[in-house]
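Novice: Coordinates in my_file_37.cif, mmCIF, C-alpha atoms, are listed below.
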data_input
#
loop_
_atom_site.group_PDB
_atom_site.id
_atom_site.type_symbol
_atom_site.label_atom_id
_atom_site.label_comp_id
_atom_site.auth_asym_id
_atom_site.auth_seq_id
_atom_site.Cartn_x
_atom_site.Cartn_y
_atom_site.Cartn_z
ATOM 1 C CA MET A 1 -27.831 -7.220 4.475
ATOM 2 C CA VAL A 2 -25.818 -4.527 2.739
ATOM 3 C CA LEU A 3 -25.376 -1.066 4.196
ATOM 4 C CA GLU A 4 -23.934 1.969 2.522
ATOM 5 C CA TRP A 5 -20.968 3.664 4.136
ATOM 6 C CA PRO A 6 -20.756 5.263 6.635
ATOM 7 C CA CYS A 7 -23.482 3.025 8.042
ATOM 8 C CA LEU A 8 -21.474 0.371 9.778
ATOM 9 C CA PHE A 9 -22.733 -2.337 10.076
ATOM 10 C CA LEU A 10 -24.941 -5.251 10.601
ATOM 11 C CA VAL A 11 -23.067 -8.100 12.017
ATOM 12 C CA THR A 12 -24.039 -11.594 12.742
ATOM 13 C CA GLN A 13 -21.607 -13.113 15.157
ATOM 14 C CA ALA A 14 -19.185 -13.819 12.363
ATOM 15 C CA THR A 15 -20.248 -11.926 9.254
ATOM 16 C CA THR A 16 -20.195 -8.298 8.211
ATOM 17 C CA GLU A 17 -21.086 -6.698 4.898
ATOM 18 C CA LEU A 18 -20.017 -3.203 3.938
ATOM 19 C CA ARG A 19 -20.547 -0.981 0.929
ATOM 20 C CA PHE A 20 -18.219 1.819 -0.136
ATOM 21 C CA ALA A 21 -18.598 4.480 -2.797
ATOM 22 C CA SER A 22 -15.672 4.424 -5.227
ATOM 23 C CA ARG A 23 -13.383 6.971 -3.650
ATOM 24 C CA ILE A 24 -9.764 6.637 -2.528
ATOM 25 C CA GLU A 25 -10.994 7.261 1.024
ATOM 26 C CA ALA A 26 -12.742 3.879 0.842
ATOM 27 C CA VAL A 27 -9.356 2.180 1.157
ATOM 28 C CA ASP A 28 -8.730 3.570 4.646
ATOM 29 C CA GLN A 29 -12.359 3.089 5.657
ATOM 30 C CA ALA A 30 -12.385 -0.554 4.631
ATOM 31 C CA ALA A 31 -9.020 -1.266 6.246
ATOM 32 C CA THR A 32 -10.167 0.328 9.497
ATOM 33 C CA ALA A 33 -13.384 -1.689 9.498
ATOM 34 C CA VAL A 34 -11.495 -4.933 8.854
ATOM 35 C CA ALA A 35 -8.947 -4.213 11.581
ATOM 36 C CA GLU A 36 -11.762 -3.545 14.063
ATOM 37 C CA PHE A 37 -13.547 -6.719 12.982
ATOM 38 C CA LEU A 38 -10.416 -8.839 13.445
ATOM 39 C CA SER A 39 -9.410 -7.146 16.670
ATOM 40 C CA ALA A 40 -12.858 -7.857 18.111
ATOM 41 C CA ALA A 41 -12.383 -11.483 17.065
ATOM 42 C CA GLY A 42 -9.134 -11.609 19.063
ATOM 43 C CA VAL A 43 -6.819 -11.896 16.056
ATOM 44 C CA SER A 44 -3.162 -10.986 16.690
ATOM 45 C CA GLU A 45 -1.666 -7.676 15.570
ATOM 46 C CA ASP A 46 0.821 -9.404 13.250
ATOM 47 C CA VAL A 47 -1.947 -11.208 11.391
ATOM 48 C CA ILE A 48 -4.020 -8.023 11.254
ATOM 49 C CA PHE A 49 -1.068 -6.185 9.661
ATOM 50 C CA GLY A 50 -0.857 -8.666 6.791
ATOM 51 C CA VAL A 51 -4.607 -8.790 6.255
ATOM 52 C CA ASP A 52 -4.716 -4.990 6.363
ATOM 53 C CA MET A 53 -2.107 -4.823 3.572
ATOM 54 C CA ALA A 54 -4.105 -7.248 1.431
ATOM 55 C CA VAL A 55 -7.428 -5.507 2.072
ATOM 56 C CA ARG A 56 -6.016 -2.113 1.126
ATOM 57 C CA GLU A 57 -4.716 -3.502 -2.152
ATOM 58 C CA ALA A 58 -7.973 -5.309 -2.942
ATOM 59 C CA VAL A 59 -10.111 -2.241 -2.246
ATOM 60 C CA THR A 60 -7.686 -0.021 -4.177
ATOM 61 C CA ASN A 61 -8.041 -2.355 -7.151
ATOM 62 C CA ALA A 62 -11.849 -2.310 -6.816
ATOM 63 C CA VAL A 63 -12.382 1.448 -6.585
ATOM 64 C CA LEU A 64 -9.492 2.587 -8.768
ATOM 65 C CA HIS A 65 -8.961 -0.028 -11.464
ATOM 66 C CA GLY A 66 -12.387 -1.723 -11.369
ATOM 67 C CA ASN A 67 -14.807 1.127 -10.779
ATOM 68 C CA LYS A 68 -12.394 3.820 -12.019
ATOM 69 C CA LEU A 69 -13.375 6.136 -9.150
ATOM 70 C CA ASP A 70 -16.934 6.371 -10.515
ATOM 71 C CA GLU A 71 -18.800 7.287 -7.342
ATOM 72 C CA THR A 72 -22.050 5.875 -8.708
ATOM 73 C CA LYS A 73 -20.397 2.462 -8.488
ATOM 74 C CA PHE A 74 -19.666 0.593 -5.283
ATOM 75 C CA ALA A 75 -17.166 -1.741 -3.751
ATOM 76 C CA ASP A 76 -18.956 -4.353 -1.669
ATOM 77 C CA VAL A 77 -16.912 -5.982 1.048
ATOM 78 C CA SER A 78 -17.917 -9.085 2.956
ATOM 79 C CA LEU A 79 -16.059 -10.319 6.030
ATOM 80 C CA ARG A 80 -16.536 -13.704 7.599
ATOM 81 C CA THR A 81 -14.825 -15.649 10.302
ATOM 82 C CA SER A 82 -15.265 -19.313 10.951
ATOM 83 C CA PRO A 83 -13.193 -21.477 13.267
ATOM 84 C CA GLY A 84 -9.595 -21.095 12.173
ATOM 85 C CA THR A 85 -10.169 -18.888 9.144
ATOM 86 C CA PHE A 86 -10.984 -15.354 8.059
ATOM 87 C CA GLU A 87 -12.460 -14.810 4.607
ATOM 88 C CA ILE A 88 -12.992 -11.516 2.826
ATOM 89 C CA THR A 89 -14.534 -10.852 -0.550
ATOM 90 C CA VAL A 90 -14.349 -7.537 -2.408
ATOM 91 C CA HIS A 91 -16.716 -7.054 -5.323
ATOM 92 C CA ASP A 92 -16.529 -4.232 -7.845
ATOM 93 C CA GLN A 93 -18.606 -3.232 -10.867
ATOM 94 C CA GLY A 94 -15.741 -2.966 -13.330
ATOM 95 C CA GLN A 95 -14.823 -4.767 -16.527
ATOM 96 C CA GLY A 96 -12.661 -7.402 -14.911
ATOM 97 C CA PHE A 97 -9.126 -8.485 -15.680
ATOM 98 C CA ASN A 98 -7.046 -11.607 -15.988
ATOM 99 C CA PRO A 99 -4.826 -12.002 -12.907
ATOM 100 C CA ALA A 100 -2.600 -14.406 -14.849
ATOM 101 C CA GLU A 101 -1.594 -11.493 -17.073
ATOM 102 C CA ILE A 102 -0.213 -9.463 -14.167
ATOM 103 C CA PRO A 103 3.585 -9.730 -14.413
ATOM 104 C CA ASP A 104 5.779 -10.781 -11.508
ATOM 105 C CA PRO A 105 6.983 -7.461 -10.005
ATOM 106 C CA THR A 106 10.119 -9.040 -8.541
ATOM 107 C CA THR A 107 11.776 -9.997 -11.829
ATOM 108 C CA GLU A 108 14.648 -7.909 -13.137
ATOM 109 C CA GLU A 109 12.649 -6.360 -15.970
ATOM 110 C CA ASN A 110 9.807 -5.321 -13.647
ATOM 111 C CA ILE A 111 11.545 -4.433 -10.404
ATOM 112 C CA LEU A 112 11.758 -0.711 -11.197
ATOM 113 C CA LYS A 113 8.154 -0.420 -12.326
ATOM 114 C CA THR A 114 6.176 2.017 -10.232
ATOM 115 C CA SER A 115 3.013 -0.098 -10.101
ATOM 116 C CA GLY A 116 1.931 -3.728 -10.221
ATOM 117 C CA ARG A 117 2.728 -4.852 -6.663
ATOM 118 C CA GLY A 118 -0.801 -4.879 -5.221
ATOM 119 C CA ILE A 119 -1.750 -8.396 -6.270
ATOM 120 C CA PHE A 120 1.707 -9.585 -5.244
ATOM 121 C CA PHE A 121 1.057 -8.276 -1.719
ATOM 122 C CA MET A 122 -2.411 -9.848 -1.625
ATOM 123 C CA ARG A 123 -0.988 -13.244 -2.544
ATOM 124 C CA ASN A 124 1.915 -12.819 -0.156
ATOM 125 C CA PHE A 125 -0.091 -11.887 2.925
ATOM 126 C CA MET A 126 -3.114 -14.173 2.467
ATOM 127 C CA ASP A 127 -3.253 -17.965 2.256
ATOM 128 C CA GLU A 128 -5.690 -18.144 -0.647
ATOM 129 C CA VAL A 129 -6.573 -15.507 -3.260
ATOM 130 C CA ASP A 130 -8.821 -16.064 -6.245
ATOM 131 C CA TRP A 131 -10.886 -13.965 -8.623
ATOM 132 C CA THR A 132 -14.265 -14.489 -10.239
ATOM 133 C CA ILE A 133 -15.457 -12.497 -13.226
ATOM 134 C CA ASN A 134 -19.208 -12.365 -12.752
ATOM 135 C CA PRO A 135 -21.390 -12.925 -15.850
ATOM 136 C CA GLU A 136 -23.715 -10.124 -14.711
ATOM 137 C CA GLY A 137 -20.724 -7.772 -14.424
ATOM 138 C CA GLY A 138 -17.975 -6.963 -11.994
ATOM 139 C CA THR A 139 -15.128 -8.840 -10.411
ATOM 140 C CA THR A 140 -15.032 -10.534 -7.030
ATOM 141 C CA VAL A 141 -11.786 -11.277 -5.272
ATOM 142 C CA ARG A 142 -11.931 -13.774 -2.423
ATOM 143 C CA MET A 143 -9.081 -13.921 0.081
ATOM 144 C CA LEU A 144 -8.699 -16.369 2.926
ATOM 145 C CA LYS A 145 -6.384 -16.207 5.917
ATOM 146 C CA LYS A 146 -5.817 -19.138 8.239
ATOM 147 C CA LEU A 147 -5.886 -17.951 11.835
ATOM 148 C CA MET B 1 -3.382 16.070 10.659
ATOM 149 C CA ALA B 2 -1.781 15.255 7.322
ATOM 150 C CA GLU B 3 -1.320 11.610 6.442
ATOM 151 C CA LEU B 4 2.401 12.210 5.892
ATOM 152 C CA ASN B 5 4.390 15.061 7.409
ATOM 153 C CA ILE B 6 7.732 15.801 5.784
ATOM 154 C CA SER B 7 10.320 18.107 7.292
ATOM 155 C CA GLU B 8 13.512 19.069 5.519
ATOM 156 C CA ARG B 9 17.015 19.697 6.801
ATOM 157 C CA GLN B 10 20.385 20.080 5.151
ATOM 158 C CA SER B 11 23.726 18.448 5.933
ATOM 159 C CA GLY B 12 26.344 19.760 3.510
ATOM 160 C CA ASP B 13 24.994 19.084 0.045
ATOM 161 C CA VAL B 14 22.700 16.293 1.250
ATOM 162 C CA THR B 15 19.034 17.053 1.865
ATOM 163 C CA ILE B 16 17.429 14.935 4.560
ATOM 164 C CA LEU B 17 13.666 14.457 4.523
ATOM 165 C CA ASP B 18 12.332 13.343 7.901
ATOM 166 C CA MET B 19 9.058 11.603 7.200
ATOM 167 C CA ASP B 20 6.330 10.948 9.753
ATOM 168 C CA GLY B 21 3.130 9.087 8.929
ATOM 169 C CA LYS B 22 1.888 6.797 6.186
ATOM 170 C CA ILE B 23 2.989 6.567 2.554
ATOM 171 C CA THR B 24 -0.185 5.181 1.040
ATOM 172 C CA ILE B 25 -2.333 5.768 -2.009
ATOM 173 C CA GLY B 26 -3.585 9.334 -2.153
ATOM 174 C CA GLU B 27 -2.212 12.016 0.126
ATOM 175 C CA GLY B 28 0.886 10.229 1.436
ATOM 176 C CA SER B 29 2.217 9.179 -1.970
ATOM 177 C CA VAL B 30 1.471 12.590 -3.453
ATOM 178 C CA ALA B 31 3.300 14.343 -0.596
ATOM 179 C CA LEU B 32 6.438 12.263 -1.189
ATOM 180 C CA ARG B 33 6.299 12.844 -4.951
ATOM 181 C CA SER B 34 5.841 16.606 -4.520
ATOM 182 C CA ALA B 35 8.713 16.885 -2.050
ATOM 183 C CA VAL B 36 11.172 14.988 -4.253
ATOM 184 C CA ARG B 37 10.140 16.814 -7.443
ATOM 185 C CA ARG B 38 10.521 20.174 -5.690
ATOM 186 C CA LEU B 39 14.025 19.296 -4.470
ATOM 187 C CA LEU B 40 15.048 18.273 -7.981
ATOM 188 C CA GLU B 41 13.713 21.541 -9.357
ATOM 189 C CA GLU B 42 15.833 23.355 -6.747
ATOM 190 C CA GLY B 43 18.882 21.419 -7.923
ATOM 191 C CA LYS B 44 19.094 19.327 -4.741
ATOM 192 C CA LYS B 45 20.009 15.902 -6.058
ATOM 193 C CA LYS B 46 21.452 14.157 -3.004
ATOM 194 C CA ILE B 47 18.462 13.062 -0.963
ATOM 195 C CA LEU B 48 18.252 10.935 2.168
ATOM 196 C CA LEU B 49 14.796 9.736 3.222
ATOM 197 C CA ASN B 50 14.571 9.160 6.971
ATOM 198 C CA LEU B 51 11.754 6.626 7.299
ATOM 199 C CA ALA B 52 12.028 5.990 11.048
ATOM 200 C CA LYS B 53 8.526 7.315 11.687
ATOM 201 C CA VAL B 54 6.845 5.809 8.632
ATOM 202 C CA GLY B 55 4.654 3.200 10.222
ATOM 203 C CA TYR B 56 2.875 2.102 7.100
ATOM 204 C CA ILE B 57 3.400 1.909 3.366
ATOM 205 C CA ASP B 58 1.320 0.229 0.662
ATOM 206 C CA SER B 59 2.074 -0.762 -2.935
ATOM 207 C CA SER B 60 1.393 2.796 -4.076
ATOM 208 C CA GLY B 61 3.910 4.111 -1.540
ATOM 209 C CA ILE B 62 6.482 1.530 -2.610
ATOM 210 C CA GLY B 63 5.839 2.580 -6.208
ATOM 211 C CA GLU B 64 6.447 6.188 -5.227
ATOM 212 C CA LEU B 65 9.779 5.268 -3.614
ATOM 213 C CA VAL B 66 10.771 3.543 -6.873
ATOM 214 C CA SER B 67 9.570 6.511 -8.906
ATOM 215 C CA SER B 68 11.608 8.896 -6.727
ATOM 216 C CA TYR B 69 14.664 6.665 -7.043
ATOM 217 C CA THR B 70 14.498 6.561 -10.841
ATOM 218 C CA ALA B 71 13.712 10.293 -11.171
ATOM 219 C CA ILE B 72 16.685 11.248 -8.995
ATOM 220 C CA ASN B 73 19.036 8.793 -10.746
ATOM 221 C CA LYS B 74 17.928 10.090 -14.129
ATOM 222 C CA ASP B 75 18.833 13.592 -12.953
ATOM 223 C CA GLY B 76 22.310 12.439 -11.943
ATOM 224 C CA GLY B 77 21.526 12.380 -8.239
ATOM 225 C CA GLU B 78 21.366 9.816 -5.463
ATOM 226 C CA LEU B 79 18.521 8.651 -3.222
ATOM 227 C CA LYS B 80 19.242 6.680 -0.068
ATOM 228 C CA LEU B 81 17.030 5.331 2.688
ATOM 229 C CA LEU B 82 17.598 5.632 6.433
ATOM 230 C CA ASN B 83 16.067 3.914 9.458
ATOM 231 C CA LEU B 84 13.618 1.453 7.912
ATOM 232 C CA THR B 85 11.109 -0.014 10.319
ATOM 233 C CA GLN B 86 11.128 -3.799 10.452
ATOM 234 C CA LYS B 87 7.843 -3.977 8.535
ATOM 235 C CA LEU B 88 9.114 -1.711 5.769
ATOM 236 C CA GLN B 89 12.327 -3.707 5.580
ATOM 237 C CA ASP B 90 10.230 -6.876 5.252
ATOM 238 C CA LEU B 91 8.219 -5.331 2.397
ATOM 239 C CA LEU B 92 11.365 -4.273 0.555
ATOM 240 C CA THR B 93 12.792 -7.755 1.083
ATOM 241 C CA ILE B 94 9.833 -9.640 -0.398
ATOM 242 C CA THR B 95 9.634 -7.235 -3.344
ATOM 243 C CA LYS B 96 13.442 -7.619 -3.807
ATOM 244 C CA LEU B 97 13.769 -3.834 -3.676
ATOM 245 C CA LEU B 98 16.224 -4.115 -0.815
ATOM 246 C CA THR B 99 18.704 -5.053 -3.543
ATOM 247 C CA VAL B 100 17.936 -1.798 -5.370
ATOM 248 C CA PHE B 101 17.911 0.801 -2.602
ATOM 249 C CA ASP B 102 20.937 1.874 -0.616
ATOM 250 C CA VAL B 103 19.767 1.472 2.995
ATOM 251 C CA TYR B 104 21.405 2.671 6.219
ATOM 252 C CA GLU B 105 20.737 2.412 9.946
ATOM 253 C CA SER B 106 23.093 5.261 10.896
ATOM 254 C CA GLU B 107 22.619 8.803 9.639
ATOM 255 C CA ALA B 108 26.369 9.444 9.785
ATOM 256 C CA ASP B 109 27.081 6.378 7.650
ATOM 257 C CA ALA B 110 24.385 7.396 5.199
ATOM 258 C CA LEU B 111 25.750 10.936 4.872
ATOM 259 C CA ASN B 112 29.297 9.662 4.366
ATOM 260 C CA SER B 113 28.144 7.334 1.596
ATOM 261 C CA PHE B 114 27.102 10.145 -0.746
ATOM 262 C CA LYS B 115 29.697 10.868 -3.424
#
Would you kindly transcribe this structure into structure tokens?

Specialist:
Amino acid sequence: MVLEWPCLFLVTQATTELRFASRIEAVDQAATAVAEFLSAAGVSEDVIFGVDMAVREAVTNAVLHGNKLDETKFADVSLRTSPGTFEITVHDQGQGFNPAEIPDPTTEENILKTSGRGIFFMRNFMDEVDWTINPEGGTTVRMLKKL
Amino acid sequence: MAELNISERQSGDVTILDMDGKITIGEGSVALRSAVRRLLEEGKKKILLNLAKVGYIDSSGIGELVSSYTAINKDGGELKLLNLTQKLQDLLTITKLLTVFDVYESEADALNSFK
């Protein structure tokens, strides 16, 4: 079941799906929802901090770079816990990109660039991060954190 | 309440910006950019950012710190950072930006370090 923000949310015991219009405000809204979800699941504050960082970057990428702040497009977020893991997917309706082409922001030639650290943070704070370019359109990023 | 509140004080020719809140995409990053650009326009080129009360920063906020650093350097000035929280210090460590920024834990030491 998918609900449009601010209608939070249908939850099975371990799954929540959220939909956000493509606005910058969606970043805070999604991060807040994820923090509440993890807090209710008893996840520690330190883990929540890292997940929160990754979620903010993923949703920023979806609404800003994917959907280009087109409010007729949505970012769909799915949260799921299972024993020992938390998985989140963020789906946008954009053109997609190749994550392998994103340069390492920590190298000397990139360190003073003002952007390009979002994916670095996602990979740093989560245990698994992968992207799928969907044939019917849009990009889905899946991130997994071991709890 | 604003996402990021910035108050300004002066110590000699050094301008100290006491920042309270979040430096994240949108309002927080824009507030930092506006404050630094305004100081440069006023000819204030020695800037100390007191980040003691910045509880959160994202990649956009880090990018804005870098942008401020390069803009001030380009103008012949200096930007230094004061009182990083542990989490912010961790973020600057993993991004290797701790090797770029001049960081202090004591305001007196920071003020004395300006040329």

Novice: Running the PyMOL selection byres ((chain A) within 9 of (chain B)) on this model by hand, what would come out? Give it as a list in words.

Specialist: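 So the PyMOL selection byres ((chain A) within 9 of (chain B)) ends up selecting Ile24, Glu25, Val27, Met53, Arg56, Glu57, Thr60, Pro105, Thr106, Thr107, Ile111, Leu112, Lys113, Thr114, Ser115, Gly116, Arg117, Gly118, Phe120, Phe121 and Asn124 of chain A.
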
Novice: If you count only C-alpha atoms, which residues fall within 6 Å of Gly28 (chain B), apart from same-chain ones fewer than 3 positions away, as a list in words?

Specialist: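 Residues meeting the cut-off are Glu3, Leu4, Lys22, Ile23, Thr24 and Ala31 of chain B.
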
Novice: Around all the atoms of region 68-85 of chain B listed in the file, with 8 Å of room on each side, what axis-aligned box do you get, giving centre and edge lengths in Å to one decimal, as lines of an AutoDock Vina configuration file?

Specialist:
center_x = 16.7
center_y = 6.8
center_z = -1.9
size_x = 27.2
size_y = 29.6
size_z = 40.4

Novice: Would you list the contacts of region 45-52 of chain A as a PyMOL selection string, taking every protein, DNA or RNA residue within 6 Å and counting all atoms listed in the file, but skipping same-chain residues closer than 3 positions in sequence?

Specialist: chain A and resi 31+55+125

Novice: I want to know what sits within 7 Å of Asp92 (chain A), based on all atoms listed in the file, with residues of the same chain fewer than 6 positions away left out; could you give that as a list in words?

Specialist: Ala62, Gly66, Asn67, Phe74, Ala75, Asp76, Gly138, Thr139 and Thr140 of chain A

Novice: How about saving the chosen residues, C-alpha atoms kept, as an mmCIF file, keeping the file's coordinate frame?

Specialist:
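Result written to selection-v7.cif:
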data_model
loop_
_atom_site.group_PDB
_atom_site.id
_atom_site.type_symbol
_atom_site.label_atom_id
_atom_site.label_comp_id
_atom_site.auth_asym_id
_atom_site.auth_seq_id
_atom_site.Cartn_x
_atom_site.Cartn_y
_atom_site.Cartn_z
ATOM 1 C CA ALA A 62 -11.849 -2.310 -6.816
ATOM 2 C CA GLY A 66 -12.387 -1.723 -11.369
ATOM 3 C CA ASN A 67 -14.807 1.127 -10.779
ATOM 4 C CA PHE A 74 -19.666 0.593 -5.283
ATOM 5 C CA ALA A 75 -17.166 -1.741 -3.751
ATOM 6 C CA ASP A 76 -18.956 -4.353 -1.669
ATOM 7 C CA GLY A 138 -17.975 -6.963 -11.994
ATOM 8 C CA THR A 139 -15.128 -8.840 -10.411
ATOM 9 C CA THR A 140 -15.032 -10.534 -7.030
#

Novice: If I take CA of Gly42 (chain A) and CA of Arg142 (chain A), how far is one from the other in Å, to one decimal?

Specialist: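 Straight-line distance from CA of Gly42 (chain A) to CA of Arg142 (chain A) works out to 21.8 Å.
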
Novice: What gap, in Å, lies between CA of Gln10 (chain B) and CA of Gln86 (chain B)?

Specialist: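 If I compute the distance from CA of Gln10 (chain B) to CA of Gln86 (chain B), I get 26.2 Å.
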
Novice: Report, in Å with one decimal, the straight-line distance from CA of Gly77 (chain B) to CA of Lys46 (chain B).

Specialist: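 Result for CA of Gly77 (chain B) versus CA of Lys46 (chain B): 5.5 Å, one decimal.
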
Novice: Take the PyMOL selection byres ((chain A and resi 100) around 12), run it mentally on this structure, and tell me the resulting residues as number ranges by chain.

Specialist: A: 97-99, 101-104, 119-120, 130-131

Novice: Convert the output of the PyMOL selection byres ((chain B and resi 9) around 12) on the shown file into explicit residues, formatted as an MDAnalysis selection string.

Specialist: chainID B and resid 6:8 10:19 39 44 47:50

Novice: Neighbouring residues of Ala41 (chain A) were defined as those with any atom within 10 Å, considering all atoms listed in the file; residues of the same chain fewer than 5 positions away were excluded. Please report them as a count of residues only.

Specialist: 6

Novice: May I ask which of the residues A:Glu108, A:Gly94, A:Gln29, A:Val141 is the closest one to Asp70 (chain A), counting all atoms listed in the file?

Specialist: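 Using all atoms listed in the file, the shortest distance to Asp70 (chain A) belongs to A:Gly94.
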
Novice: Within 8 Å of (11.6, 4.7, 12.8) in the file's own coordinates, which protein, DNA or RNA residues have an atom, counting only C-alpha atoms? List them as a list of chain:residue names.

Specialist: B:Asn50, B:Leu51, B:Ala52, B:Lys53, B:Val54, B:Gly55, B:Asn83, B:Leu84, B:Thr85
